[in-house]
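Raw contents of entry37.txt, compact mmCIF, C-alpha atoms:
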# COMPACT_ATOMS: atom_id res chain seq x y z
CA HIS A 1402 121.29 -78.67 -9.39
CA TYR A 1403 118.41 -79.83 -7.29
CA ASP A 1404 119.71 -78.83 -3.88
CA HIS A 1405 119.02 -75.55 -2.15
CA LEU A 1406 119.52 -74.17 1.34
CA GLY A 1407 117.07 -76.21 3.39
CA LEU A 1408 116.51 -74.00 6.43
CA GLY A 1409 118.90 -71.35 5.23
CA ASP A 1410 121.50 -71.48 7.98
CA GLN A 1411 124.70 -69.58 7.18
CA PHE A 1412 123.96 -69.27 3.43
CA SER A 1413 120.65 -67.40 3.74
CA LEU A 1414 120.56 -63.84 2.48
CA ALA A 1415 117.80 -63.29 5.04
CA PRO A 1416 119.83 -64.12 8.18
CA SER A 1417 116.99 -63.20 10.52
CA LEU A 1418 114.94 -65.95 8.83
CA ALA A 1419 117.52 -68.72 9.21
CA GLY A 1420 115.65 -71.78 10.42
CA THR A 1421 112.78 -71.06 8.01
CA ILE A 1422 112.31 -73.24 4.94
CA HIS A 1423 114.07 -71.80 1.89
CA PRO A 1424 112.13 -73.50 -0.94
CA GLY A 1425 114.41 -72.45 -3.81
CA ALA A 1426 111.64 -72.46 -6.42
CA ASP A 1427 113.82 -70.57 -8.86
CA ASP A 1428 117.20 -71.60 -7.40
CA ASN A 1429 117.10 -74.22 -8.61
CA ALA A 1430 113.82 -76.08 -8.84
CA SER A 1431 113.23 -74.21 -12.10
CA GLY A 1432 116.42 -75.62 -13.65
CA THR A 1433 115.69 -79.13 -12.38
CA ALA A 1434 112.15 -78.99 -13.78
CA GLY A 1435 113.70 -77.72 -17.03
CA VAL A 1436 115.99 -80.75 -17.25
CA LEU A 1437 113.02 -83.08 -16.75
CA GLU A 1438 110.92 -81.25 -19.34
CA LEU A 1439 113.74 -81.25 -21.92
CA ALA A 1440 114.23 -84.97 -21.32
CA HIS A 1441 110.52 -85.47 -21.95
CA MET A 1442 110.67 -83.33 -25.11
CA PHE A 1443 113.71 -85.17 -26.47
CA ALA A 1444 112.23 -88.59 -25.64
CA GLN A 1445 109.47 -87.82 -28.17
CA GLU A 1446 112.06 -87.34 -30.95
CA THR A 1447 114.31 -89.82 -32.72
CA LYS A 1448 116.18 -87.49 -35.06
CA HIS A 1449 119.41 -87.00 -33.11
CA LYS A 1450 122.67 -88.36 -34.46
CA ARG A 1451 124.30 -88.39 -31.05
CA GLY A 1452 123.01 -89.12 -27.60
CA VAL A 1453 121.81 -86.46 -25.23
CA GLY A 1454 122.39 -87.14 -21.54
CA PHE A 1455 120.33 -85.50 -18.82
CA LEU A 1456 121.91 -84.99 -15.41
CA THR A 1457 121.01 -83.17 -12.24
CA PHE A 1458 123.46 -82.60 -9.43
CA ALA A 1459 123.36 -82.18 -5.67
CA GLY A 1460 125.77 -80.13 -3.62
CA GLU A 1461 125.98 -77.07 -5.87
CA GLU A 1462 125.15 -74.77 -2.98
CA LEU A 1463 128.02 -76.33 -0.98
CA GLY A 1464 130.58 -75.80 -3.73
CA ARG A 1465 129.48 -77.75 -6.82
CA LEU A 1466 130.15 -81.08 -5.10
CA GLY A 1467 127.99 -83.24 -7.39
CA SER A 1468 129.10 -81.79 -10.70
CA ALA A 1469 132.75 -81.78 -9.59
CA TYR A 1470 132.46 -85.46 -8.67
CA TYR A 1471 130.85 -86.31 -12.00
CA ALA A 1472 133.49 -84.37 -13.93
CA GLU A 1473 136.15 -86.43 -12.16
CA HIS A 1474 134.26 -89.74 -12.57
CA PRO A 1475 132.15 -89.44 -15.76
CA GLU A 1476 129.97 -92.28 -16.97
CA LEU A 1477 130.94 -91.38 -20.54
CA PRO A 1478 134.26 -89.84 -21.64
CA LEU A 1479 134.17 -86.06 -21.35
CA SER A 1480 136.49 -85.88 -24.35
CA LYS A 1481 133.52 -86.98 -26.48
CA ALA A 1482 131.13 -84.38 -25.04
CA VAL A 1483 130.05 -81.71 -27.51
CA ALA A 1484 128.66 -79.44 -24.79
CA MET A 1485 127.35 -79.22 -21.26
CA ILE A 1486 124.16 -77.18 -20.99
CA ASN A 1487 123.40 -75.79 -17.52
CA MET A 1488 120.09 -74.27 -16.48
CA ASP A 1489 120.28 -72.55 -13.11
CA MET A 1490 117.45 -70.19 -12.20
CA ILE A 1491 115.41 -70.09 -15.42
CA GLY A 1492 112.00 -69.43 -13.89
CA ARG A 1493 111.86 -65.66 -13.54
CA ILE A 1494 112.59 -64.16 -16.95
CA ARG A 1495 112.00 -60.42 -16.93
CA ASP A 1496 111.48 -58.32 -20.05
CA ASP A 1497 112.29 -61.38 -22.19
CA LYS A 1498 115.98 -61.12 -21.19
CA VAL A 1499 118.03 -64.30 -20.84
CA TYR A 1500 121.68 -64.50 -19.88
CA ILE A 1501 123.75 -67.20 -21.57
CA GLY A 1502 127.24 -67.77 -20.26
CA GLY A 1503 130.05 -69.68 -21.92
CA ALA A 1504 129.43 -68.68 -25.54
CA GLY A 1505 133.19 -68.42 -26.10
CA THR A 1506 133.88 -71.99 -24.97
CA GLY A 1507 132.56 -73.55 -28.18
CA THR A 1508 133.65 -72.59 -31.66
CA THR A 1509 130.10 -72.60 -33.06
CA PHE A 1510 128.16 -71.38 -30.00
CA GLU A 1511 127.76 -67.73 -30.99
CA THR A 1512 126.52 -68.66 -34.46
CA ILE A 1513 124.09 -71.21 -33.02
CA LEU A 1514 122.82 -68.80 -30.36
CA LYS A 1515 122.31 -65.99 -32.86
CA SER A 1516 120.49 -68.35 -35.20
CA ALA A 1517 118.20 -69.65 -32.43
CA ALA A 1518 117.57 -66.09 -31.22
CA THR A 1519 115.98 -65.24 -34.58
CA ARG A 1520 113.32 -67.90 -33.93
CA HIS A 1521 112.58 -67.20 -30.26
CA PRO A 1522 111.32 -64.02 -28.57
CA PHE A 1523 114.21 -63.35 -26.19
CA HIS A 1524 116.77 -60.65 -25.74
CA THR A 1525 119.88 -62.75 -25.21
CA ASP A 1526 122.98 -61.54 -23.45
CA PHE A 1527 125.92 -63.83 -24.02
CA SER A 1528 128.62 -61.39 -23.04
CA GLU A 1529 130.01 -63.86 -20.46
CA GLN A 1530 132.23 -65.86 -22.78
CA GLY A 1531 134.57 -67.84 -20.55
CA GLY A 1532 132.29 -70.46 -19.01
CA TYR A 1533 133.27 -69.89 -15.40
CA GLY A 1534 130.77 -68.93 -12.72
CA ALA A 1535 129.07 -69.99 -9.53
CA SER A 1536 127.19 -72.96 -10.94
CA ASP A 1537 127.68 -76.55 -12.09
CA HIS A 1538 128.93 -75.76 -15.60
CA THR A 1539 132.23 -74.56 -14.11
CA SER A 1540 133.13 -78.16 -13.21
CA PHE A 1541 132.97 -78.97 -16.94
CA THR A 1542 134.71 -75.81 -18.12
CA ALA A 1543 137.64 -76.83 -15.94
CA LYS A 1544 137.75 -80.13 -17.87
CA GLN A 1545 137.78 -78.33 -21.26
CA VAL A 1546 134.17 -79.25 -22.07
CA PRO A 1547 132.35 -76.44 -23.93
CA VAL A 1548 129.50 -75.09 -21.80
CA LEU A 1549 126.40 -72.95 -22.12
CA PHE A 1550 124.82 -71.56 -18.96
CA PHE A 1551 121.20 -70.38 -19.19
CA PHE A 1552 120.09 -68.00 -16.45
CA SER A 1553 117.18 -65.59 -16.03
CA GLY A 1554 118.99 -63.30 -13.61
CA LEU A 1555 119.17 -62.56 -9.91
CA HIS A 1556 116.19 -61.21 -7.97
CA SER A 1557 115.37 -59.99 -4.49
CA ASP A 1558 114.21 -63.47 -3.38
CA TYR A 1559 117.55 -65.14 -4.13
CA HIS A 1560 118.62 -67.37 -1.20
CA LYS A 1561 115.63 -66.27 0.88
CA PRO A 1562 112.48 -68.05 2.08
CA SER A 1563 110.53 -65.88 -0.37
CA ASP A 1564 111.85 -67.80 -3.45
CA THR A 1565 108.50 -69.56 -3.86
CA TRP A 1566 106.66 -71.35 -6.65
CA ASP A 1567 104.04 -68.65 -7.15
CA LYS A 1568 106.71 -66.26 -8.49
CA ILE A 1569 107.79 -68.63 -11.28
CA ASP A 1570 106.71 -67.62 -14.78
CA ALA A 1571 106.12 -71.12 -16.13
CA PRO A 1572 104.99 -70.08 -19.65
CA GLN A 1573 108.18 -68.04 -20.13
CA ALA A 1574 110.29 -70.91 -18.80
CA VAL A 1575 108.67 -73.26 -21.32
CA LYS A 1576 109.48 -70.80 -24.11
CA LEU A 1577 113.08 -70.77 -22.92
CA LEU A 1578 113.17 -74.58 -22.95
CA THR A 1579 112.03 -74.49 -26.58
CA PHE A 1580 114.91 -72.09 -27.30
CA ILE A 1581 117.37 -74.37 -25.46
CA GLY A 1582 116.02 -77.40 -27.34
CA ASP A 1583 116.62 -75.54 -30.60
CA VAL A 1584 120.21 -74.83 -29.53
CA ILE A 1585 120.76 -78.49 -28.62
CA ASP A 1586 119.37 -79.57 -32.01
CA GLN A 1587 121.99 -77.41 -33.71
CA LEU A 1588 124.89 -78.83 -31.68
CA GLU A 1589 125.01 -82.03 -33.73

Go ahead and render the structure in this file as C-alpha cells.
Amino acid sequence: HYDHLGLGDQFSLAPSLAGTIHPGADDNASGTAGVLELAHMFAQETKHKRGVGFLTFAGEELGRLGSAYYAEHPELPLSKAVAMINMDMIGRIRDDKVYIGGAGTGTTFETILKSAATRHPFHTDFSEQGGYGASDHTSFTAKQVPVLFFFSGLHSDYHKPSDTWDKIDAPQAVKLLTFIGDVIDQLE
C-alpha cells in the first residue's frame, strides 16, 4: 500500500505529535518501492509462462479499502491467480531476519520458500501460516487466493513521524527483492 497517516491524527502512535508529517518511509514506502523495483526487474525478463501483475493499493491504513475493492472487482479472475505477494514494511531488516506470512495458504509455498532460503542470506520465519493479518494480503486470503506476506518487522518508529528515509536499509531491501523474485520465479 502506498498510503500512510499523513499528519498522524488519531492513528499516530506519537499522539503528542499529531499534526506533524508522518512520512511512512518503511510503512509503506519501502513496499511500494519494492513493487516498482520488482516490476522493473521482471520487465527485463521474458522467461515467464504466466503473467505477473503489479498492484499497489491505497486505503490500507483505513482498513484495506483499496485491496478489498480490488478483490471484489478484479481486473482478472482471482480464480486464476497463483498467488498474491504482499510487501509491507520491507525496509528495515534486522539481523537478516524476514517474516513471511501465509506459507500455509499455498500447497507448494513452504517448499519454495525453503528452496529460495538456501540461495539467499536471510533467516526466514514463516510460522504465520494462515494468511490473515493487518495488511492488504488479507483481502485476497478471504477470496481463497494463496498469499505470501513479506515483512521486516515492527520497530519503534512505526506510525510515528520518525519513520524516515534515512533509517531504510536499501541494500538489504534489494537483497530481499532478489529473494522475492526467486520465489515468484518458482511459482510457475

### Message
as a list in words, please: the residues near Val1453 of chain A (cut-off 9 Å, only C-alpha atoms, same-chain neighbours under 4 positions excluded).
### Response
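Skipping anything fewer than 4 positions along the chain leaves Ala1440, Phe1443, His1449 and Ile1585 of chain A.
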
Contacts between segment 1556-1561 of chain A and segment 1459-1516 of chain A, please, where a residue of segment 1459-1516 of chain A counts if it comes within 10 Å (with only C-alpha atoms); show its shortest atom pair and distance in Å to one decimal, rows by chain and ascending number, as CSV.
residue,atom,partner,partner_atom,distance
A:Met1490,CA,A:Tyr1559,CA,9.5
A:Arg1493,CA,A:His1556,CA,8.3
A:Arg1495,CA,A:His1556,CA,9.9

### Query
For His1405 of chain A, which of A:Glu1462, A:Asp1497, A:Glu1446, A:Glu1438 is the closest residue, counting only C-alpha atoms?
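Residue with the minimum atom-to-atom distance to His1405 of chain A: A:Glu1462.
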
Would you kindly return, as a short mmCIF file (atom, residue, chain, number, x, y, z; two decimals) with C-alpha atoms, in the coordinates of the input, each protein, DNA or RNA residue with an atom no farther than 8 Å from any atom of segment 1528-1539 of chain A, considering all atoms listed in the file and excluding same-chain residues fewer than 5 positions away?
data_model
loop_
_atom_site.label_atom_id
_atom_site.label_comp_id
_atom_site.auth_asym_id
_atom_site.auth_seq_id
_atom_site.Cartn_x
_atom_site.Cartn_y
_atom_site.Cartn_z
CA HIS A 1402 121.29 -78.67 -9.39
CA PHE A 1458 123.46 -82.60 -9.43
CA GLU A 1461 125.98 -77.07 -5.87
CA ARG A 1465 129.48 -77.75 -6.82
CA SER A 1468 129.10 -81.79 -10.70
CA ALA A 1469 132.75 -81.78 -9.59
CA MET A 1485 127.35 -79.22 -21.26
CA ILE A 1486 124.16 -77.18 -20.99
CA ASN A 1487 123.40 -75.79 -17.52
CA ASP A 1489 120.28 -72.55 -13.11
CA ILE A 1501 123.75 -67.20 -21.57
CA GLY A 1502 127.24 -67.77 -20.26
CA GLY A 1503 130.05 -69.68 -21.92
CA ALA A 1504 129.43 -68.68 -25.54
CA GLY A 1505 133.19 -68.42 -26.10
CA THR A 1506 133.88 -71.99 -24.97
CA PRO A 1547 132.35 -76.44 -23.93
CA VAL A 1548 129.50 -75.09 -21.80
CA LEU A 1549 126.40 -72.95 -22.12
CA PHE A 1550 124.82 -71.56 -18.96
#

### Query
What's the 9 Å shell around Asp1583 of chain A, counting only C-alpha atoms, without same-chain residues fewer than 6 positions away, as a ChimeraX atom specification?
/A:1513,1517,1520

### Task
Rank nothing, just name the residue among A:Lys1481, A:Val1436, A:His1521, A:Ser1540 nearest to Gly1464 of chain A, using all atoms listed in the file.
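Of all the options, A:Ser1540 lies closest to Gly1464 of chain A.
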
### Query
Quick one, how far is atom CA of Leu1456 of chain A from atom CA of Ser1413 of chain A?
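Taking atom CA of Leu1456 of chain A as the start and atom CA of Ser1413 of chain A as the end point, the length is 26.0 Å.
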
### Task
Rounded to one decimal place, report the atom CA of Met1488 of chain A-atom CA of Thr1433 of chain A distance in Å.
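According to the coordinates, atom CA of Met1488 of chain A and atom CA of Thr1433 of chain A are separated by 7.7 Å.
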
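Atom CA of Pro1572 of chain A is positioned 16.5 Å from atom CA of His1441 of chain A.
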